[in-house]
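For reference, my_file25.tsv is printed below; it contains TSV, C-alpha atoms.
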chain	number	residue	atom	x	y	z
A	1	MET	CA	-4.88	6.08	13.83
A	2	GLU	CA	-7.39	3.25	13.63
A	3	GLU	CA	-9.55	2.74	10.55
A	4	SER	CA	-13.27	3.44	10.81
A	5	ALA	CA	-15.66	0.57	11.41
A	6	GLY	CA	-16.68	-1.20	8.24
A	7	PHE	CA	-13.57	-0.26	6.26
A	8	GLU	CA	-12.87	-3.89	5.41
A	9	ASP	CA	-16.28	-4.23	3.76
A	10	LEU	CA	-15.39	-1.26	1.55
A	11	LEU	CA	-12.02	-2.79	0.69
A	12	ARG	CA	-13.74	-5.97	-0.44
A	13	ALA	CA	-16.30	-4.06	-2.49
A	14	PHE	CA	-13.70	-2.04	-4.39
A	15	PHE	CA	-11.10	-4.78	-4.89
A	16	PRO	CA	-12.70	-6.19	-8.11
A	17	TYR	CA	-11.96	-2.87	-9.82
A	18	GLY	CA	-8.22	-3.34	-9.27
A	19	GLY	CA	-5.88	-3.66	-12.22
A	20	ARG	CA	-7.72	-1.28	-14.54
A	21	ALA	CA	-5.41	1.73	-14.33
A	22	HIS	CA	-1.75	2.40	-15.04
A	23	ILE	CA	-0.16	3.14	-11.66
A	24	VAL	CA	2.78	5.57	-11.81
A	25	GLY	CA	4.87	6.22	-8.70
A	26	LEU	CA	6.81	9.47	-8.24
A	27	THR	CA	9.55	9.35	-5.66
A	28	GLY	CA	12.77	11.13	-4.83
A	29	PRO	CA	14.35	13.41	-2.25
A	30	PRO	CA	12.50	16.36	-0.70
A	31	GLY	CA	12.71	19.58	-2.68
A	32	SER	CA	13.06	17.91	-6.05
A	33	GLY	CA	9.78	19.37	-7.32
A	34	LYS	CA	7.73	16.18	-7.41
A	35	SER	CA	4.44	17.97	-6.76
A	36	THR	CA	5.03	20.56	-9.47
A	37	LEU	CA	6.01	17.87	-11.95
A	38	LEU	CA	2.96	15.83	-10.96
A	39	SER	CA	0.69	18.79	-11.62
A	40	ARG	CA	2.17	19.15	-15.13
A	41	LEU	CA	1.78	15.44	-15.80
A	42	ILE	CA	-1.86	15.62	-14.79
A	43	CYS	CA	-2.38	18.42	-17.31
A	44	GLY	CA	-0.70	16.37	-20.02
A	45	TYR	CA	-2.84	13.31	-19.44
A	46	ARG	CA	-6.02	15.37	-19.25
A	47	LEU	CA	-5.18	16.72	-22.73
A	48	ARG	CA	-5.11	13.08	-23.80
A	49	GLY	CA	-8.64	12.65	-22.50
A	50	LEU	CA	-7.83	10.42	-19.54
A	51	LYS	CA	-9.48	10.63	-16.16
A	52	VAL	CA	-6.62	11.10	-13.66
A	53	GLY	CA	-6.19	10.18	-10.02
A	54	ALA	CA	-3.38	11.31	-7.73
A	55	LEU	CA	-2.57	10.04	-4.24
A	56	ALA	CA	-0.09	12.40	-2.64
A	57	VAL	CA	1.49	11.18	0.58
A	58	ASP	CA	2.14	14.05	2.97
A	59	PRO	CA	3.94	14.10	6.34
A	60	SER	CA	1.64	13.15	9.20
A	61	SER	CA	0.48	15.49	11.91
A	62	VAL	CA	1.97	14.38	15.21
A	63	PHE	CA	-1.31	15.37	16.90
A	64	SER	CA	-4.09	14.01	14.67
A	65	GLY	CA	-2.16	11.52	12.53
A	66	GLY	CA	-3.66	13.11	9.41
A	67	ALA	CA	-1.89	14.54	6.38
A	68	LEU	CA	-0.77	18.16	6.31
A	69	LEU	CA	-2.35	18.56	2.83
A	70	GLY	CA	0.64	20.31	1.29
A	71	ASP	CA	0.32	18.58	-2.07
A	72	ARG	CA	-3.32	19.48	-2.59
A	73	ILE	CA	-2.52	23.13	-1.86
A	74	ARG	CA	0.17	23.08	-4.54
A	75	MET	CA	-2.18	21.55	-7.12
A	76	GLN	CA	-5.20	23.80	-6.77
A	77	GLN	CA	-5.35	24.41	-10.53
A	78	HIS	CA	-7.10	21.05	-10.91
A	79	ALA	CA	-9.69	21.72	-8.20
A	80	LEU	CA	-12.54	22.46	-10.63
A	81	ASP	CA	-11.80	19.59	-13.02
A	82	SER	CA	-14.35	16.83	-12.37
A	83	GLU	CA	-12.13	14.34	-14.20
A	84	VAL	CA	-9.25	14.76	-11.74
A	85	PHE	CA	-9.28	13.46	-8.18
A	86	ILE	CA	-6.41	14.35	-5.85
A	87	ARG	CA	-6.21	12.99	-2.36
A	88	SER	CA	-3.59	13.55	0.32
A	89	LEU	CA	-2.77	10.55	2.47
A	90	ALA	CA	-1.00	10.62	5.81
A	91	ALA	CA	2.36	8.88	5.81
A	92	ARG	CA	1.67	7.77	9.40
A	93	ASP	CA	4.62	5.62	10.44
A	94	ALA	CA	5.44	4.34	6.95
A	95	VAL	CA	9.19	4.22	6.36
A	96	GLY	CA	9.02	3.21	2.71
A	97	GLY	CA	7.25	6.31	1.42
A	98	LEU	CA	3.71	4.86	1.22
A	99	PRO	CA	1.06	4.17	3.90
A	100	SER	CA	-0.46	0.73	4.37
A	101	ASN	CA	-3.89	1.83	3.12
A	102	ILE	CA	-2.57	2.77	-0.33
A	103	PHE	CA	-4.12	-0.16	-2.21
A	104	GLY	CA	-7.63	0.56	-0.96
A	105	ALA	CA	-7.31	4.14	-2.18
A	106	ILE	CA	-6.01	2.95	-5.56
A	107	HIS	CA	-9.01	0.66	-6.06
A	108	VAL	CA	-11.44	3.48	-5.25
A	109	LEU	CA	-9.86	5.60	-7.99
A	110	GLU	CA	-9.98	2.66	-10.41
A	111	ALA	CA	-13.68	2.29	-9.68
A	112	PHE	CA	-14.02	6.03	-10.36
A	113	GLY	CA	-12.71	5.29	-13.87
A	114	CYS	CA	-9.20	6.71	-13.68
A	115	GLY	CA	-7.04	5.52	-16.57
A	116	ILE	CA	-3.86	6.61	-14.82
A	117	ILE	CA	-3.15	7.01	-11.11
A	118	PHE	CA	-0.11	8.78	-9.70
A	119	LEU	CA	1.41	7.94	-6.32
A	120	GLU	CA	3.62	10.68	-4.96
A	121	THR	CA	5.69	9.60	-1.97
A	122	VAL	CA	6.47	11.72	1.03
A	123	GLY	CA	10.10	12.33	0.08
A	124	ALA	CA	12.04	10.15	2.49
A	125	GLY	CA	15.09	9.76	0.29
A	126	GLN	CA	16.85	6.49	-0.42
A	127	ASP	CA	14.52	4.36	1.75
A	128	GLU	CA	11.54	4.94	-0.54
A	129	VAL	CA	11.37	1.54	-2.18
A	130	ALA	CA	7.84	0.56	-1.14
A	131	VAL	CA	6.45	2.49	-4.11
A	132	ALA	CA	7.83	-0.23	-6.40
A	133	LYS	CA	5.45	-2.72	-4.76
A	134	ALA	CA	2.41	-0.59	-5.61
A	135	ALA	CA	3.28	1.02	-8.97
A	136	ASP	CA	3.61	-0.29	-12.52
A	137	THR	CA	6.04	2.48	-13.48
A	138	VAL	CA	8.38	4.21	-11.03
A	139	VAL	CA	9.67	7.72	-11.81
A	140	LEU	CA	12.58	8.95	-9.70
A	141	VAL	CA	12.95	12.72	-9.52
A	142	THR	CA	16.07	14.61	-8.46
A	143	VAL	CA	17.65	18.04	-9.03
A	144	PRO	CA	21.18	19.22	-9.87
A	145	SER	CA	21.45	21.43	-6.79
A	146	LEU	CA	21.61	18.45	-4.43
A	147	GLY	CA	25.33	18.21	-5.09
A	148	ASP	CA	25.90	14.46	-5.21
A	149	GLU	CA	22.86	13.19	-7.07
A	150	ILE	CA	23.85	9.56	-6.72
A	151	GLN	CA	24.04	9.87	-2.94
A	152	ALA	CA	20.57	11.43	-2.94
A	153	ILE	CA	18.87	8.49	-4.67
A	154	LYS	CA	21.32	5.62	-4.29
A	155	ALA	CA	21.04	1.97	-3.32
A	156	GLY	CA	17.45	0.69	-3.31
A	157	THR	CA	15.84	3.56	-5.17
A	158	MET	CA	18.36	3.40	-8.01
A	159	GLU	CA	17.28	-0.19	-8.56
A	160	ILE	CA	13.53	0.43	-8.70
A	161	GLY	CA	13.48	3.38	-11.12
A	162	ASP	CA	11.98	2.90	-14.59
A	163	LEU	CA	12.47	6.55	-15.52
A	164	PHE	CA	14.85	9.13	-14.02
A	165	VAL	CA	14.01	12.82	-14.19
A	166	VAL	CA	16.46	15.60	-13.40
A	167	ASN	CA	14.04	18.39	-12.55
A	168	LYS	CA	14.91	22.09	-12.22
A	169	ALA	CA	17.25	21.54	-15.14
A	170	ASP	CA	17.68	25.29	-15.58
A	171	LEU	CA	20.08	25.16	-12.61
A	172	ALA	CA	23.83	24.76	-12.95
A	173	GLN	CA	25.38	21.28	-13.23
A	174	LYS	CA	22.34	19.82	-14.99
A	175	ASP	CA	24.55	18.05	-17.55
A	176	ARG	CA	26.74	16.58	-14.82
A	177	ALA	CA	23.68	15.31	-12.96
A	178	ILE	CA	22.44	13.53	-16.08
A	179	ARG	CA	25.86	12.04	-16.79
A	180	ASP	CA	26.21	10.82	-13.21
A	181	LEU	CA	22.85	9.10	-13.32
A	182	GLN	CA	23.54	7.52	-16.69
A	183	SER	CA	26.90	6.26	-15.45
A	184	ALA	CA	25.34	4.84	-12.28
A	185	LEU	CA	22.65	3.08	-14.30
A	186	SER	CA	25.22	1.53	-16.62
A	187	LEU	CA	27.11	-0.01	-13.69
A	188	GLY	CA	25.83	-2.96	-11.78
A	189	GLN	CA	22.29	-3.00	-13.13
A	190	VAL	CA	20.71	-6.37	-13.64
A	191	GLU	CA	20.28	-7.04	-17.34
A	192	ARG	CA	16.69	-6.47	-18.32
A	193	GLY	CA	14.71	-5.58	-21.40
A	194	TRP	CA	13.89	-2.04	-20.29
A	195	LYS	CA	16.73	0.49	-20.09
A	196	PRO	CA	15.68	3.35	-17.78
A	197	PRO	CA	16.05	6.69	-19.60
A	198	VAL	CA	17.27	9.88	-17.93
A	199	LEU	CA	15.37	13.06	-18.82
A	200	ALA	CA	15.69	16.75	-17.93
A	201	THR	CA	12.65	18.85	-16.98
A	202	VAL	CA	11.85	22.31	-15.70
A	203	ALA	CA	8.43	21.60	-14.24
A	204	VAL	CA	7.62	25.20	-13.31
A	205	GLU	CA	7.97	26.13	-16.98
A	206	ASP	CA	6.34	22.92	-18.27
A	207	THR	CA	9.57	22.06	-20.09
A	208	GLY	CA	10.25	18.38	-20.72
A	209	THR	CA	6.84	17.24	-19.47
A	210	GLU	CA	5.76	15.87	-22.83
A	211	ALA	CA	8.97	13.83	-23.13
A	212	ALA	CA	8.36	12.39	-19.66
A	213	ILE	CA	4.82	11.38	-20.61
A	214	GLU	CA	6.09	9.74	-23.79
A	215	GLN	CA	8.55	7.66	-21.77
A	216	ILE	CA	5.88	6.70	-19.23
A	217	GLU	CA	3.64	5.54	-22.08
A	218	LYS	CA	6.55	3.75	-23.74
A	219	HIS	CA	7.19	1.88	-20.50
A	220	ARG	CA	3.51	0.98	-20.23
A	221	ARG	CA	3.63	-0.55	-23.72
A	222	TYR	CA	6.81	-2.42	-22.78
A	223	LEU	CA	5.13	-3.87	-19.70
A	224	LYS	CA	2.23	-5.12	-21.79
A	225	SER	CA	4.30	-6.59	-24.64
A	226	SER	CA	6.94	-8.24	-22.45
A	227	GLY	CA	4.61	-9.82	-19.91
A	228	GLU	CA	6.20	-7.78	-17.13
A	229	TRP	CA	2.80	-6.18	-16.48
A	230	LYS	CA	1.39	-9.46	-15.12
A	231	HIS	CA	4.53	-10.04	-13.05
A	232	ARG	CA	4.20	-6.63	-11.40
A	233	ARG	CA	0.50	-7.12	-10.76
A	234	ARG	CA	1.24	-10.39	-8.99
A	235	ALA	CA	3.78	-8.56	-6.80
A	236	GLN	CA	1.18	-5.89	-6.04
A	237	VAL	CA	-1.53	-8.30	-4.92
A	238	LEU	CA	1.07	-10.13	-2.82
A	239	GLU	CA	1.90	-6.87	-1.06
A	240	GLU	CA	-1.78	-6.00	-0.65
A	241	LEU	CA	-2.50	-9.41	0.88
A	242	THR	CA	0.53	-9.14	3.17
A	243	LEU	CA	-0.58	-5.72	4.44
A	244	ALA	CA	-4.14	-6.96	5.02
A	245	MET	CA	-2.83	-9.88	7.06
A	246	ALA	CA	-0.44	-7.62	8.99
A	247	ARG	CA	-3.27	-5.20	9.91
A	248	ARG	CA	-5.43	-8.04	11.18
A	249	ILE	CA	-2.62	-9.62	13.21
A	250	TYR	CA	-1.65	-6.23	14.65
A	251	ARG	CA	-5.20	-5.42	15.78
A	252	ARG	CA	-5.73	-8.82	17.37
A	253	SER	CA	-2.35	-8.66	19.09
A	254	ARG	CA	-3.04	-5.20	20.51
A	255	ASN	CA	-6.40	-6.37	21.85
A	256	ARG	CA	-4.66	-9.00	23.95
A	257	ILE	CA	-2.52	-6.51	25.83
A	258	ARG	CA	-3.80	-5.75	29.34
A	259	GLU	CA	-2.71	-3.34	32.04
A	260	LYS	CA	-1.12	-6.18	33.98
A	261	HIS	CA	1.17	-6.87	31.02
A	262	LEU	CA	2.37	-3.28	30.94
A	263	GLU	CA	2.95	-3.29	34.70
A	264	ALA	CA	5.00	-6.48	34.38
A	265	LEU	CA	7.18	-4.80	31.75
A	266	VAL	CA	7.61	-1.63	33.81
A	267	ASP	CA	8.57	-3.69	36.87
A	268	LYS	CA	11.00	-5.75	34.74
A	269	ARG	CA	9.28	-9.00	35.70
A	270	THR	CA	9.34	-9.94	32.03
A	271	ASP	CA	10.58	-8.53	28.76
A	272	PRO	CA	8.88	-7.66	25.40
A	273	VAL	CA	10.29	-10.72	23.61
A	274	ALA	CA	9.13	-13.25	26.17
A	275	LEU	CA	5.76	-11.56	26.71
A	276	SER	CA	5.06	-11.24	23.00
A	277	LYS	CA	5.70	-14.96	22.53
A	278	LYS	CA	3.34	-15.75	25.40
A	279	LEU	CA	0.56	-13.52	24.08
A	280	LEU	CA	0.84	-14.72	20.51
A	281	LYS	CA	0.71	-18.39	21.54
A	282	LYS	CA	-2.93	-17.84	22.36

Rewrite the structure of this file - the entire thing - as structure tokens.
Amino acid sequence: MEESAGFEDLLRAFFPYGGRAHIVGLTGPPGSGKSTLLSRLICGYRLRGLKVGALAVDPSSVFSGGALLGDRIRMQQHALDSEVFIRSLAARDAVGGLPSNIFGAIHVLEAFGCGIIFLETVGAGQDEVAVAKAADTVVLVTVPSLGDEIQAIKAGTMEIGDLFVVNKADLAQKDRAIRDLQSALSLGQVERGWKPPVLATVAVEDTGTEAAIEQIEKHRRYLKSSGEWKHRRRAQVLEELTLAMARRIYRRSRNRIREKHLEALVDKRTDPVALSKKLLKK
């Protein structure tokens, strides 16, 4: 889907509000209860008097390209709270769990006055590392019933987590899941000042939510005191700039493609590599 005309003017208008909120990413495999946990976290922060924003990435419709709105349906309890804004975003073709328009949406919520903004990814599993480029704090959510918890959130996602939550901890093998995660975190992690904690929650019963909020706030204080906050913000603006450049290059490149180019490809008179080089030279 193409953006509406004038969207870049809006992006420029809202950009100065960036950097005002604490951005918390929630990621993890499908079925781990991220949306339920997010709803509980929203309640907890509202009790603290904060205005809360939530950007929930849903699978895209193959017909319209829009989001299927599953997350907003599951969080209807906040619908009448004027201090909470929840928006579903279409994943589109994003493979890292977040769409390319995520930063613009974040800045709108910062202008709205949100003190904390949650980013819930679509649930693509171990490839969801893009959230680390947009969030200050990354919360990885899993459940004991997945069997091999480390396989469910291994490799890249294990490296980006600032807090690990074993949700649905009323299920069997909860203790094993926690031990496995703690063991994985103790092996091969780059030495850093923050040691990611592993917590157990039962989001449907609001059990463990307060402990999760305390750890999120503890990590926020660590970011501020250690200087890591500025480092992450620099990484975020780098990603935002990169995406803005990529959108512009993509649109201009697509506008250069003509019917004769497609016919040449179909007839095998050229190939995509050679033709792309020719078009981009202009």

Atom-to-atom span, CA of Arg256 (chain A) and CA of Leu279 (chain A), Å: 6.9 Å

Counting all atoms listed in the file, the residue of A:Phe118, A:Tyr250, A:Tyr17, A:Trp229 that sits nearest Lys34 (chain A): A:Phe118

Coordinates-based distance that separates CA of Leu243 (chain A) from CA of Leu10 (chain A) (Å, one decimal): 15.7 Å

Given all atoms listed in the file as the counted atoms, nearest of A:His231, A:Ile23, A:Val204, A:Ile160 to Val129 (chain A): A:Ile160

Separation of CA of Lys133 (chain A) from CA of Gly227 (chain A), in Å and rounded to one decimal: 16.8 Å

Which of A:Leu119, A:Ala111, A:Val57, A:Ile106 sits closest to Ala90 (chain A) [using all atoms listed in the file]: A:Val57

Considering only C-alpha atoms, return as an mmCIF file with C-alpha atoms, in the frame of the given file whatever protein or nucleic-acid residues lie within 8 Å of Arg87 (chain A), sequence-local ones (same chain, fewer than 2 positions apart) excluded.
data_model
loop_
_atom_site.group_PDB
_atom_site.id
_atom_site.type_symbol
_atom_site.label_atom_id
_atom_site.label_comp_id
_atom_site.auth_asym_id
_atom_site.auth_seq_id
_atom_site.Cartn_x
_atom_site.Cartn_y
_atom_site.Cartn_z
ATOM 1 C CA ALA A 54 -3.380 11.310 -7.730
ATOM 2 C CA LEU A 55 -2.570 10.040 -4.240
ATOM 3 C CA ALA A 56 -0.090 12.400 -2.640
ATOM 4 C CA ARG A 72 -3.320 19.480 -2.590
ATOM 5 C CA PHE A 85 -9.280 13.460 -8.180
ATOM 6 C CA LEU A 89 -2.770 10.550 2.470
#

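Counting only C-alpha atoms and comparing A:Ala21, A:Ala246, A:Leu238, A:Leu11, the residue that lies closest to Gly104 (chain A) is A:Leu11.
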
Nearest residue to Arg220 (chain A) from the set A:Leu265, A:Val141, A:Val24, A:Ile86 (distances using all atoms listed in the file): A:Val24

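Closest approach to Pro16 (chain A) from the set A:Glu205, A:Glu239, A:Glu210, A:Glu110 is made by A:Glu110, with distances taken over all atoms listed in the file.
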